[in-house]
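Asker: Structure file target.txt (compact mmCIF, N, CA and C atoms) right here:
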# COMPACT_ATOMS: atom_id res chain seq x y z
N MET A 181 27.01 6.59 -0.61
CA MET A 181 26.43 6.97 -1.88
C MET A 181 26.00 8.42 -1.81
N HIS A 182 26.34 9.17 -2.81
CA HIS A 182 25.95 10.57 -2.87
C HIS A 182 24.51 10.69 -3.32
N THR A 183 23.85 11.75 -2.90
CA THR A 183 22.47 11.98 -3.34
C THR A 183 22.41 12.21 -4.84
N THR A 184 23.53 12.61 -5.46
CA THR A 184 23.55 12.79 -6.92
C THR A 184 23.50 11.46 -7.64
N ASP A 185 23.75 10.35 -6.92
CA ASP A 185 23.66 9.01 -7.52
C ASP A 185 22.23 8.49 -7.50
N LEU A 186 21.33 9.25 -6.91
CA LEU A 186 19.92 8.84 -6.80
C LEU A 186 19.05 9.73 -7.68
N LEU A 187 18.02 9.12 -8.26
CA LEU A 187 17.10 9.84 -9.14
C LEU A 187 15.70 9.81 -8.57
N ALA A 188 15.03 10.96 -8.61
CA ALA A 188 13.61 11.00 -8.26
C ALA A 188 12.84 10.30 -9.36
N ILE A 189 11.64 9.88 -9.08
CA ILE A 189 10.86 9.13 -10.05
C ILE A 189 10.63 9.92 -11.35
N GLY A 190 10.44 11.22 -11.24
CA GLY A 190 10.27 12.05 -12.44
C GLY A 190 11.52 12.08 -13.30
N ASP A 191 12.68 12.16 -12.65
CA ASP A 191 13.95 12.15 -13.38
C ASP A 191 14.19 10.79 -14.02
N LEU A 192 13.89 9.73 -13.28
CA LEU A 192 14.06 8.38 -13.82
C LEU A 192 13.14 8.19 -15.03
N SER A 193 11.93 8.68 -14.93
CA SER A 193 10.98 8.59 -16.04
C SER A 193 11.48 9.35 -17.26
N ALA A 194 11.94 10.56 -17.04
CA ALA A 194 12.44 11.39 -18.16
C ALA A 194 13.65 10.74 -18.82
N ARG A 195 14.57 10.21 -18.03
CA ARG A 195 15.79 9.59 -18.57
C ARG A 195 15.52 8.27 -19.27
N SER A 196 14.55 7.49 -18.77
CA SER A 196 14.31 6.14 -19.30
C SER A 196 13.21 6.09 -20.35
N GLY A 197 12.32 7.10 -20.36
CA GLY A 197 11.18 7.06 -21.26
C GLY A 197 10.06 6.17 -20.74
N VAL A 198 10.17 5.74 -19.49
CA VAL A 198 9.15 4.88 -18.87
C VAL A 198 8.27 5.76 -17.98
N ALA A 199 6.96 5.63 -18.14
CA ALA A 199 6.02 6.45 -17.37
C ALA A 199 6.18 6.19 -15.87
N PRO A 200 5.98 7.22 -15.04
CA PRO A 200 6.06 7.03 -13.59
C PRO A 200 5.14 5.91 -13.09
N SER A 201 3.96 5.79 -13.69
CA SER A 201 3.03 4.73 -13.27
C SER A 201 3.63 3.35 -13.53
N ALA A 202 4.33 3.19 -14.66
CA ALA A 202 4.98 1.91 -14.97
C ALA A 202 6.14 1.66 -14.01
N ILE A 203 6.87 2.71 -13.67
CA ILE A 203 7.98 2.57 -12.71
C ILE A 203 7.44 2.09 -11.37
N ARG A 204 6.35 2.69 -10.91
CA ARG A 204 5.74 2.25 -9.64
C ARG A 204 5.25 0.81 -9.75
N PHE A 205 4.66 0.46 -10.90
CA PHE A 205 4.18 -0.90 -11.13
C PHE A 205 5.34 -1.90 -11.05
N TYR A 206 6.44 -1.59 -11.74
CA TYR A 206 7.61 -2.48 -11.70
C TYR A 206 8.15 -2.61 -10.28
N GLU A 207 8.13 -1.52 -9.55
CA GLU A 207 8.60 -1.58 -8.16
C GLU A 207 7.67 -2.44 -7.32
N THR A 208 6.38 -2.27 -7.48
CA THR A 208 5.40 -3.07 -6.73
C THR A 208 5.60 -4.55 -6.98
N HIS A 209 5.99 -4.90 -8.21
CA HIS A 209 6.19 -6.30 -8.58
C HIS A 209 7.63 -6.78 -8.36
N GLY A 210 8.46 -5.96 -7.72
CA GLY A 210 9.80 -6.38 -7.32
C GLY A 210 10.83 -6.40 -8.44
N LEU A 211 10.52 -5.79 -9.58
CA LEU A 211 11.47 -5.78 -10.69
C LEU A 211 12.55 -4.72 -10.49
N ILE A 212 12.20 -3.64 -9.82
CA ILE A 212 13.15 -2.58 -9.47
C ILE A 212 12.92 -2.21 -8.01
N HIS A 213 13.87 -1.48 -7.45
CA HIS A 213 13.77 -1.11 -6.04
C HIS A 213 14.15 0.35 -5.88
N SER A 214 13.53 0.97 -4.87
CA SER A 214 13.87 2.36 -4.56
C SER A 214 14.26 2.45 -3.10
N GLU A 215 14.86 3.57 -2.81
CA GLU A 215 15.14 3.93 -1.42
C GLU A 215 14.18 5.07 -1.10
N ARG A 216 13.91 5.27 0.16
CA ARG A 216 12.99 6.34 0.57
C ARG A 216 13.74 7.43 1.32
N THR A 217 13.34 8.66 1.02
CA THR A 217 13.90 9.80 1.74
C THR A 217 13.18 9.91 3.08
N THR A 218 13.64 10.83 3.91
CA THR A 218 12.97 11.04 5.20
C THR A 218 11.55 11.53 4.98
N GLY A 219 11.28 12.15 3.83
CA GLY A 219 9.94 12.59 3.48
C GLY A 219 9.15 11.51 2.74
N ASN A 220 9.66 10.28 2.72
CA ASN A 220 9.04 9.11 2.09
C ASN A 220 8.91 9.22 0.57
N GLN A 221 9.80 9.98 -0.05
CA GLN A 221 9.82 10.05 -1.51
C GLN A 221 10.74 8.97 -2.05
N ARG A 222 10.36 8.43 -3.20
CA ARG A 222 11.18 7.39 -3.84
C ARG A 222 12.43 8.01 -4.44
N ARG A 223 13.54 7.29 -4.28
CA ARG A 223 14.79 7.64 -4.96
C ARG A 223 15.36 6.35 -5.52
N PHE A 224 15.75 6.41 -6.79
CA PHE A 224 16.25 5.23 -7.48
C PHE A 224 17.73 5.42 -7.81
N ARG A 225 18.49 4.36 -7.67
CA ARG A 225 19.89 4.40 -8.07
C ARG A 225 19.96 4.57 -9.59
N ARG A 226 21.00 5.19 -10.08
CA ARG A 226 21.17 5.38 -11.52
C ARG A 226 21.20 4.06 -12.28
N THR A 227 21.66 3.01 -11.61
CA THR A 227 21.71 1.70 -12.27
C THR A 227 20.31 1.18 -12.62
N THR A 228 19.29 1.77 -12.04
CA THR A 228 17.91 1.38 -12.35
C THR A 228 17.60 1.70 -13.81
N LEU A 229 18.29 2.66 -14.40
CA LEU A 229 18.09 2.98 -15.82
C LEU A 229 18.39 1.75 -16.68
N ARG A 230 19.48 1.06 -16.39
CA ARG A 230 19.83 -0.14 -17.16
C ARG A 230 18.83 -1.25 -16.90
N ARG A 231 18.41 -1.38 -15.67
CA ARG A 231 17.42 -2.42 -15.32
C ARG A 231 16.10 -2.17 -16.05
N LEU A 232 15.68 -0.91 -16.13
CA LEU A 232 14.46 -0.57 -16.88
C LEU A 232 14.63 -0.88 -18.37
N ALA A 233 15.80 -0.59 -18.91
CA ALA A 233 16.06 -0.90 -20.32
C ALA A 233 15.96 -2.41 -20.55
N PHE A 234 16.49 -3.19 -19.62
CA PHE A 234 16.41 -4.65 -19.70
C PHE A 234 14.94 -5.09 -19.70
N ILE A 235 14.16 -4.56 -18.76
CA ILE A 235 12.75 -4.93 -18.63
C ILE A 235 11.99 -4.58 -19.91
N ARG A 236 12.18 -3.38 -20.40
CA ARG A 236 11.44 -2.94 -21.60
C ARG A 236 11.85 -3.74 -22.83
N THR A 237 13.11 -4.05 -22.97
CA THR A 237 13.56 -4.85 -24.11
C THR A 237 12.99 -6.25 -24.04
N ALA A 238 13.02 -6.84 -22.86
CA ALA A 238 12.46 -8.18 -22.69
C ALA A 238 10.96 -8.19 -22.99
N GLN A 239 10.26 -7.13 -22.60
CA GLN A 239 8.84 -7.04 -22.92
C GLN A 239 8.61 -6.92 -24.42
N ARG A 240 9.46 -6.17 -25.10
CA ARG A 240 9.32 -6.00 -26.55
C ARG A 240 9.48 -7.30 -27.32
N VAL A 241 10.27 -8.23 -26.78
CA VAL A 241 10.42 -9.51 -27.46
C VAL A 241 9.36 -10.50 -27.01
N GLY A 242 8.41 -10.04 -26.21
CA GLY A 242 7.26 -10.86 -25.88
C GLY A 242 7.32 -11.61 -24.58
N LEU A 243 8.27 -11.30 -23.72
CA LEU A 243 8.36 -12.00 -22.44
C LEU A 243 7.37 -11.42 -21.44
N SER A 244 6.83 -12.28 -20.61
CA SER A 244 5.90 -11.85 -19.58
C SER A 244 6.68 -11.26 -18.41
N LEU A 245 5.98 -10.53 -17.56
CA LEU A 245 6.63 -9.98 -16.36
C LEU A 245 7.13 -11.10 -15.46
N GLU A 246 6.43 -12.23 -15.44
CA GLU A 246 6.88 -13.36 -14.63
C GLU A 246 8.22 -13.89 -15.15
N GLU A 247 8.36 -13.99 -16.48
CA GLU A 247 9.61 -14.45 -17.07
C GLU A 247 10.73 -13.46 -16.80
N ILE A 248 10.42 -12.18 -16.90
CA ILE A 248 11.42 -11.14 -16.65
C ILE A 248 11.84 -11.17 -15.19
N SER A 249 10.88 -11.30 -14.30
CA SER A 249 11.17 -11.36 -12.87
C SER A 249 12.05 -12.57 -12.55
N ALA A 250 11.73 -13.71 -13.15
CA ALA A 250 12.53 -14.92 -12.92
C ALA A 250 13.96 -14.71 -13.41
N ALA A 251 14.11 -14.05 -14.56
CA ALA A 251 15.45 -13.78 -15.09
C ALA A 251 16.23 -12.85 -14.17
N LEU A 252 15.58 -11.79 -13.72
CA LEU A 252 16.27 -10.83 -12.85
C LEU A 252 16.63 -11.46 -11.51
N SER A 253 15.83 -12.41 -11.06
CA SER A 253 16.11 -13.05 -9.77
C SER A 253 17.35 -13.94 -9.82
N THR A 254 17.83 -14.26 -11.03
CA THR A 254 19.05 -15.07 -11.15
C THR A 254 20.32 -14.24 -10.98
N LEU A 255 20.18 -12.93 -10.96
CA LEU A 255 21.34 -12.06 -10.82
C LEU A 255 21.75 -11.95 -9.35
N PRO A 256 23.03 -11.94 -9.09
CA PRO A 256 23.50 -11.82 -7.70
C PRO A 256 23.02 -10.54 -7.05
N GLU A 257 22.42 -10.67 -5.89
CA GLU A 257 21.99 -9.53 -5.08
C GLU A 257 21.21 -8.50 -5.87
N GLY A 258 20.42 -8.94 -6.85
CA GLY A 258 19.55 -8.04 -7.59
C GLY A 258 20.30 -6.99 -8.39
N ARG A 259 21.55 -7.27 -8.78
CA ARG A 259 22.32 -6.26 -9.50
C ARG A 259 21.77 -6.05 -10.91
N THR A 260 22.25 -5.01 -11.52
CA THR A 260 21.85 -4.66 -12.87
C THR A 260 22.43 -5.64 -13.87
N PRO A 261 21.63 -6.07 -14.86
CA PRO A 261 22.13 -7.01 -15.86
C PRO A 261 23.29 -6.44 -16.67
N THR A 262 24.26 -7.29 -16.94
CA THR A 262 25.40 -6.92 -17.77
C THR A 262 25.20 -7.50 -19.17
N ARG A 263 26.10 -7.21 -20.07
CA ARG A 263 26.06 -7.77 -21.42
C ARG A 263 26.11 -9.30 -21.36
N ALA A 264 26.96 -9.83 -20.48
CA ALA A 264 27.07 -11.29 -20.33
C ALA A 264 25.76 -11.89 -19.80
N ASP A 265 25.13 -11.18 -18.85
CA ASP A 265 23.83 -11.65 -18.33
C ASP A 265 22.81 -11.71 -19.46
N TRP A 266 22.75 -10.64 -20.25
CA TRP A 266 21.79 -10.59 -21.34
C TRP A 266 22.05 -11.73 -22.33
N ALA A 267 23.30 -11.99 -22.64
CA ALA A 267 23.63 -13.07 -23.58
C ALA A 267 23.16 -14.42 -23.03
N ARG A 268 23.40 -14.65 -21.75
CA ARG A 268 23.00 -15.92 -21.12
C ARG A 268 21.48 -16.05 -21.10
N LEU A 269 20.81 -14.99 -20.67
CA LEU A 269 19.35 -15.04 -20.57
C LEU A 269 18.69 -15.15 -21.94
N SER A 270 19.20 -14.40 -22.91
CA SER A 270 18.59 -14.45 -24.24
C SER A 270 18.78 -15.82 -24.87
N LYS A 271 19.89 -16.48 -24.57
CA LYS A 271 20.11 -17.85 -25.06
C LYS A 271 19.06 -18.79 -24.47
N ASP A 272 18.76 -18.62 -23.18
CA ASP A 272 17.74 -19.44 -22.53
C ASP A 272 16.35 -19.18 -23.11
N TRP A 273 16.10 -17.95 -23.57
CA TRP A 273 14.78 -17.59 -24.11
C TRP A 273 14.63 -17.98 -25.57
N ARG A 274 15.71 -18.31 -26.24
CA ARG A 274 15.66 -18.57 -27.69
C ARG A 274 14.62 -19.61 -28.09
N PRO A 275 14.53 -20.79 -27.44
CA PRO A 275 13.52 -21.77 -27.87
C PRO A 275 12.09 -21.22 -27.76
N ARG A 276 11.81 -20.47 -26.70
CA ARG A 276 10.49 -19.89 -26.53
C ARG A 276 10.21 -18.87 -27.62
N LEU A 277 11.20 -18.06 -27.95
CA LEU A 277 11.03 -17.05 -29.00
C LEU A 277 10.92 -17.70 -30.38
N ASP A 278 11.68 -18.77 -30.61
CA ASP A 278 11.56 -19.49 -31.88
C ASP A 278 10.15 -20.05 -32.06
N GLU A 279 9.58 -20.58 -30.99
CA GLU A 279 8.20 -21.09 -31.04
C GLU A 279 7.22 -19.97 -31.33
N GLN A 280 7.43 -18.83 -30.70
CA GLN A 280 6.55 -17.67 -30.92
C GLN A 280 6.66 -17.20 -32.37
N ILE A 281 7.86 -17.17 -32.90
CA ILE A 281 8.06 -16.77 -34.30
C ILE A 281 7.36 -17.76 -35.23
N GLN A 282 7.48 -19.05 -34.95
CA GLN A 282 6.83 -20.06 -35.79
C GLN A 282 5.32 -19.90 -35.78
N ARG A 283 4.75 -19.60 -34.61
CA ARG A 283 3.30 -19.36 -34.53
C ARG A 283 2.90 -18.18 -35.40
N LEU A 284 3.70 -17.12 -35.37
CA LEU A 284 3.40 -15.94 -36.19
C LEU A 284 3.55 -16.24 -37.68
N VAL A 285 4.56 -17.01 -38.06
CA VAL A 285 4.73 -17.39 -39.46
C VAL A 285 3.53 -18.22 -39.91
N ASN A 286 3.11 -19.18 -39.09
CA ASN A 286 1.94 -19.99 -39.43
C ASN A 286 0.69 -19.12 -39.58
N LEU A 287 0.52 -18.19 -38.68
CA LEU A 287 -0.62 -17.28 -38.75
C LEU A 287 -0.57 -16.47 -40.04
N ARG A 288 0.59 -15.90 -40.34
CA ARG A 288 0.74 -15.11 -41.56
C ARG A 288 0.44 -15.94 -42.81
N ASP A 289 0.98 -17.15 -42.86
CA ASP A 289 0.84 -17.98 -44.05
C ASP A 289 -0.56 -18.52 -44.25
N LYS A 290 -1.31 -18.67 -43.18
CA LYS A 290 -2.65 -19.25 -43.28
C LYS A 290 -3.76 -18.22 -43.13
N LEU A 291 -3.41 -17.01 -42.83
CA LEU A 291 -4.40 -16.01 -42.48
C LEU A 291 -5.41 -15.73 -43.58
N ASP A 292 -4.98 -15.56 -44.82
CA ASP A 292 -5.93 -15.19 -45.85
C ASP A 292 -6.66 -16.39 -46.44
N GLY A 293 -6.25 -17.61 -46.13
CA GLY A 293 -6.93 -18.77 -46.68
C GLY A 293 -7.77 -19.51 -45.67
N CYS A 294 -7.64 -19.17 -44.40
CA CYS A 294 -8.32 -19.95 -43.38
C CYS A 294 -8.51 -19.10 -42.14
N ILE A 295 -9.63 -19.32 -41.46
CA ILE A 295 -9.85 -18.61 -40.21
C ILE A 295 -9.24 -19.36 -39.04
N GLY A 296 -8.54 -20.44 -39.33
CA GLY A 296 -7.83 -21.17 -38.30
C GLY A 296 -8.59 -22.36 -37.81
N CYS A 297 -9.68 -22.55 -38.25
CA CYS A 297 -10.70 -23.54 -38.03
C CYS A 297 -10.97 -23.91 -36.62
N GLY A 298 -11.97 -23.18 -36.22
CA GLY A 298 -12.54 -23.45 -34.94
C GLY A 298 -14.00 -23.81 -35.01
N CYS A 299 -14.75 -23.96 -35.92
CA CYS A 299 -14.96 -23.49 -37.27
C CYS A 299 -16.06 -22.42 -37.26
N LEU A 300 -15.76 -21.30 -37.86
CA LEU A 300 -16.74 -20.22 -37.94
C LEU A 300 -17.45 -20.23 -39.29
N SER A 301 -17.29 -21.29 -40.04
CA SER A 301 -18.03 -21.60 -41.24
C SER A 301 -17.92 -20.61 -42.39
N LEU A 302 -16.71 -20.29 -42.77
CA LEU A 302 -16.55 -19.58 -44.03
C LEU A 302 -16.86 -20.59 -45.13
N GLN A 303 -17.40 -20.15 -46.25
CA GLN A 303 -17.77 -21.08 -47.32
C GLN A 303 -16.59 -21.96 -47.71
N ARG A 304 -15.44 -21.39 -47.87
CA ARG A 304 -14.26 -22.14 -48.29
C ARG A 304 -13.82 -23.14 -47.22
N CYS A 305 -14.12 -22.85 -45.97
CA CYS A 305 -13.69 -23.70 -44.86
C CYS A 305 -14.27 -25.10 -44.97
N ALA A 306 -15.42 -25.24 -45.59
CA ALA A 306 -16.01 -26.57 -45.76
C ALA A 306 -15.07 -27.47 -46.57
N LEU A 307 -14.23 -26.88 -47.41
CA LEU A 307 -13.28 -27.66 -48.18
C LEU A 307 -12.05 -28.03 -47.35
N GLN A 308 -11.63 -27.12 -46.49
CA GLN A 308 -10.44 -27.38 -45.68
C GLN A 308 -10.75 -28.17 -44.42
N ASN A 309 -12.00 -28.13 -44.00
CA ASN A 309 -12.40 -28.79 -42.76
C ASN A 309 -13.74 -29.51 -42.95
N PRO A 310 -13.79 -30.49 -43.86
CA PRO A 310 -15.07 -31.16 -44.10
C PRO A 310 -15.56 -31.87 -42.84
N ASP A 311 -16.87 -31.77 -42.62
CA ASP A 311 -17.50 -32.41 -41.45
C ASP A 311 -16.89 -31.98 -40.13
N ASP A 312 -16.33 -30.80 -40.12
CA ASP A 312 -15.74 -30.23 -38.90
C ASP A 312 -14.74 -31.18 -38.23
N GLU A 313 -13.85 -31.75 -39.04
CA GLU A 313 -12.84 -32.69 -38.53
C GLU A 313 -11.92 -32.04 -37.51
N ALA A 314 -11.71 -30.74 -37.62
CA ALA A 314 -10.82 -30.06 -36.68
C ALA A 314 -11.35 -30.09 -35.26
N ALA A 315 -12.65 -30.30 -35.09
CA ALA A 315 -13.24 -30.33 -33.75
C ALA A 315 -12.64 -31.43 -32.89
N THR A 316 -12.16 -32.50 -33.52
CA THR A 316 -11.60 -33.62 -32.75
C THR A 316 -10.26 -33.29 -32.12
N THR A 317 -9.61 -32.20 -32.58
CA THR A 317 -8.30 -31.84 -32.03
C THR A 317 -8.39 -30.80 -30.93
N GLY A 318 -9.60 -30.34 -30.63
CA GLY A 318 -9.75 -29.38 -29.54
C GLY A 318 -10.48 -28.13 -29.96
N VAL A 319 -10.64 -27.23 -29.00
CA VAL A 319 -11.37 -25.99 -29.25
C VAL A 319 -10.44 -24.93 -29.81
N GLY A 320 -11.00 -23.90 -30.39
CA GLY A 320 -10.23 -22.76 -30.86
C GLY A 320 -9.72 -22.90 -32.27
N ALA A 321 -8.84 -22.01 -32.63
CA ALA A 321 -8.29 -21.95 -33.99
C ALA A 321 -7.22 -23.02 -34.15
N ARG A 322 -7.63 -24.22 -34.44
CA ARG A 322 -6.74 -25.38 -34.44
C ARG A 322 -5.66 -25.32 -35.50
N TYR A 323 -5.95 -24.82 -36.68
CA TYR A 323 -4.96 -24.85 -37.75
C TYR A 323 -3.90 -23.75 -37.61
N LEU A 324 -4.12 -22.81 -36.75
CA LEU A 324 -3.13 -21.76 -36.55
C LEU A 324 -2.27 -22.02 -35.32
N GLU A 325 -2.59 -23.03 -34.55
CA GLU A 325 -1.82 -23.39 -33.37
C GLU A 325 -0.68 -24.31 -33.77
N PRO A 326 0.43 -24.28 -33.06
CA PRO A 326 1.52 -25.22 -33.39
C PRO A 326 1.08 -26.65 -33.14
N VAL A 327 1.62 -27.56 -33.89
CA VAL A 327 1.31 -28.97 -33.72
C VAL A 327 1.94 -29.45 -32.42
N ALA A 328 1.14 -30.10 -31.58
CA ALA A 328 1.63 -30.59 -30.29
C ALA A 328 2.59 -31.74 -30.51
N ALA A 329 3.60 -31.84 -29.66
CA ALA A 329 4.57 -32.93 -29.75
C ALA A 329 3.86 -34.26 -29.56
N GLY A 330 4.15 -35.20 -30.44
CA GLY A 330 3.56 -36.51 -30.35
C GLY A 330 2.17 -36.59 -30.94
N GLY A 331 1.66 -35.45 -31.51
CA GLY A 331 0.29 -35.49 -32.00
C GLY A 331 0.09 -34.91 -33.30
What would the structure in this file look like if it were written as structure tokens?
Answerer:
Amino acid sequence: MHTTDLLAIGDLSARSGVAPSAIRFYETHGLIHSERTTGNQRRFRRTTLRRLAFIRTAQRVGLSLEEISAALSTLPEGRTPTRADWARLSKDWRPRLDEQIQRLVNLRDKLDGCIGCGCLSLQRCALQNPDDEAATTGVGARYLEPVAAGG
């Protein structure tokens, strides 16, 4: 591999738009990897640019670093995700994202009429939650949470 195939952390940051601190964080958590020079400076393969794009996109759709790490660990020898990899992984994430979207839709639709009933006693809430009936279903904003399966 030529040294021109390797990027210093500043170059990787400039090319990817990811702050050097985030790059170091991702490396610490095993999401990306660097090689070290004899002077112990980090050097990243150019393919790390695609891996960073994958990580940032997955974060934008609401995936946790644990979920991203699990997805990246399914790739052979830690290689950079391809279009086919992204299609496979995004298909696996679809049910989780659909649930997240439904929670947001419920929140949007109920936001101006209800505080979600945990109950913080808005005057109108006495009509939607007489005698604090929502308390029997658990703590927190019960009406804004998805309905549990079987319940």
Asker: Compare A:Ala315, A:Ala267, A:Leu232, A:Ile281 by their minimum atom-to-atom distance to Ala202 in chain A, counting only C-alpha atoms, and give me the closest one.
Answerer: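 Counting only C-alpha atoms, the residue closest to Ala202 in chain A is A:Leu232.
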Asker: Using Å and a single decimal, report how far CA of Ser253 in chain A sits from atom N of Leu192 in chain A.
Answerer: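 About the pair atom N of Leu192 in chain A and CA of Ser253 in chain A: they are 23.2 Å apart.
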Asker: For CA of Arg216 in chain A and CA of Asp265 in chain A, quote the distance in Å rounded to one decimal.
Answerer: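 If I compute the distance from CA of Arg216 in chain A to CA of Asp265 in chain A, I get 28.3 Å.
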Asker: With distances taken over all atoms listed in the file, which of A:Ser249, A:Pro256, A:Thr228, A:Thr218 is nearest to Ser196 in chain A?
Answerer: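 That would be A:Thr228, the residue with the smallest distance to Ser196 in chain A.
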Asker: Between CA of Thr237 in chain A and CA of Trp266 in chain A, what is the distance in Å, rounded to a tenth?
Answerer: 10.4 Å
Asker: Find the residue from A:Ala199, A:Leu186, A:Val285, A:Leu269 that sits nearest to Glu247 in chain A; use only C-alpha atoms when measuring.
Answerer: A:Leu269
Asker: Would you kindly identify which residues have an atom no farther than 12 Å from (8.7, 6.2, -18.8), using only C-alpha atoms and the file's own coordinates, and write them out as a PDB file with N, CA and C atoms, keeping the file's coordinate frame?
Answerer:
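As a result, result_19.pdb now contains:
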ATOM      1  N   ILE A 189      11.640   9.880  -9.080  1.00  0.00           N
ATOM      2  CA  ILE A 189      10.860   9.130 -10.050  1.00  0.00           C
ATOM      3  C   ILE A 189      10.630   9.920 -11.350  1.00  0.00           C
ATOM      4  N   GLY A 190      10.440  11.220 -11.240  1.00  0.00           N
ATOM      5  CA  GLY A 190      10.270  12.050 -12.440  1.00  0.00           C
ATOM      6  C   GLY A 190      11.520  12.080 -13.300  1.00  0.00           C
ATOM      7  N   ASP A 191      12.680  12.160 -12.650  1.00  0.00           N
ATOM      8  CA  ASP A 191      13.950  12.150 -13.380  1.00  0.00           C
ATOM      9  C   ASP A 191      14.190  10.790 -14.020  1.00  0.00           C
ATOM     10  N   LEU A 192      13.890   9.730 -13.280  1.00  0.00           N
ATOM     11  CA  LEU A 192      14.060   8.380 -13.820  1.00  0.00           C
ATOM     12  C   LEU A 192      13.140   8.190 -15.030  1.00  0.00           C
ATOM     13  N   SER A 193      11.930   8.680 -14.930  1.00  0.00           N
ATOM     14  CA  SER A 193      10.980   8.590 -16.040  1.00  0.00           C
ATOM     15  C   SER A 193      11.480   9.350 -17.260  1.00  0.00           C
ATOM     16  N   ALA A 194      11.940  10.560 -17.040  1.00  0.00           N
ATOM     17  CA  ALA A 194      12.440  11.390 -18.160  1.00  0.00           C
ATOM     18  C   ALA A 194      13.650  10.740 -18.820  1.00  0.00           C
ATOM     19  N   ARG A 195      14.570  10.210 -18.030  1.00  0.00           N
ATOM     20  CA  ARG A 195      15.790   9.590 -18.570  1.00  0.00           C
ATOM     21  C   ARG A 195      15.520   8.270 -19.270  1.00  0.00           C
ATOM     22  N   SER A 196      14.550   7.490 -18.770  1.00  0.00           N
ATOM     23  CA  SER A 196      14.310   6.140 -19.300  1.00  0.00           C
ATOM     24  C   SER A 196      13.210   6.090 -20.350  1.00  0.00           C
ATOM     25  N   GLY A 197      12.320   7.100 -20.360  1.00  0.00           N
ATOM     26  CA  GLY A 197      11.180   7.060 -21.260  1.00  0.00           C
ATOM     27  C   GLY A 197      10.060   6.170 -20.740  1.00  0.00           C
ATOM     28  N   VAL A 198      10.170   5.740 -19.490  1.00  0.00           N
ATOM     29  CA  VAL A 198       9.150   4.880 -18.870  1.00  0.00           C
ATOM     30  C   VAL A 198       8.270   5.760 -17.980  1.00  0.00           C
ATOM     31  N   ALA A 199       6.960   5.630 -18.140  1.00  0.00           N
ATOM     32  CA  ALA A 199       6.020   6.450 -17.370  1.00  0.00           C
ATOM     33  C   ALA A 199       6.180   6.190 -15.870  1.00  0.00           C
ATOM     34  N   PRO A 200       5.980   7.220 -15.040  1.00  0.00           N
ATOM     35  CA  PRO A 200       6.060   7.030 -13.590  1.00  0.00           C
ATOM     36  C   PRO A 200       5.140   5.910 -13.090  1.00  0.00           C
ATOM     37  N   SER A 201       3.960   5.790 -13.690  1.00  0.00           N
ATOM     38  CA  SER A 201       3.030   4.730 -13.270  1.00  0.00           C
ATOM     39  C   SER A 201       3.630   3.350 -13.530  1.00  0.00           C
ATOM     40  N   ALA A 202       4.330   3.190 -14.660  1.00  0.00           N
ATOM     41  CA  ALA A 202       4.980   1.910 -14.970  1.00  0.00           C
ATOM     42  C   ALA A 202       6.140   1.660 -14.010  1.00  0.00           C
ATOM     43  N   ILE A 203       6.870   2.710 -13.670  1.00  0.00           N
ATOM     44  CA  ILE A 203       7.980   2.570 -12.710  1.00  0.00           C
ATOM     45  C   ILE A 203       7.440   2.090 -11.370  1.00  0.00           C
ATOM     46  N   ARG A 204       6.350   2.690 -10.910  1.00  0.00           N
ATOM     47  CA  ARG A 204       5.740   2.250  -9.640  1.00  0.00           C
ATOM     48  C   ARG A 204       5.250   0.810  -9.750  1.00  0.00           C
ATOM     49  N   PHE A 205       4.660   0.460 -10.900  1.00  0.00           N
ATOM     50  CA  PHE A 205       4.180  -0.900 -11.130  1.00  0.00           C
ATOM     51  C   PHE A 205       5.340  -1.900 -11.050  1.00  0.00           C
ATOM     52  N   TYR A 206       6.440  -1.590 -11.740  1.00  0.00           N
ATOM     53  CA  TYR A 206       7.610  -2.480 -11.700  1.00  0.00           C
ATOM     54  C   TYR A 206       8.150  -2.610 -10.280  1.00  0.00           C
ATOM     55  N   LEU A 229      18.290   2.660 -14.400  1.00  0.00           N
ATOM     56  CA  LEU A 229      18.090   2.980 -15.820  1.00  0.00           C
ATOM     57  C   LEU A 229      18.390   1.750 -16.680  1.00  0.00           C
ATOM     58  N   LEU A 232      15.680  -0.910 -16.130  1.00  0.00           N
ATOM     59  CA  LEU A 232      14.460  -0.570 -16.880  1.00  0.00           C
ATOM     60  C   LEU A 232      14.630  -0.880 -18.370  1.00  0.00           C
ATOM     61  N   ALA A 233      15.800  -0.590 -18.910  1.00  0.00           N
ATOM     62  CA  ALA A 233      16.060  -0.900 -20.320  1.00  0.00           C
ATOM     63  C   ALA A 233      15.960  -2.410 -20.550  1.00  0.00           C
ATOM     64  N   ILE A 235      14.160  -4.560 -18.760  1.00  0.00           N
ATOM     65  CA  ILE A 235      12.750  -4.930 -18.630  1.00  0.00           C
ATOM     66  C   ILE A 235      11.990  -4.580 -19.910  1.00  0.00           C
ATOM     67  N   ARG A 236      12.180  -3.380 -20.400  1.00  0.00           N
ATOM     68  CA  ARG A 236      11.440  -2.940 -21.600  1.00  0.00           C
ATOM     69  C   ARG A 236      11.850  -3.740 -22.830  1.00  0.00           C
TER      70      ARG A 236
END
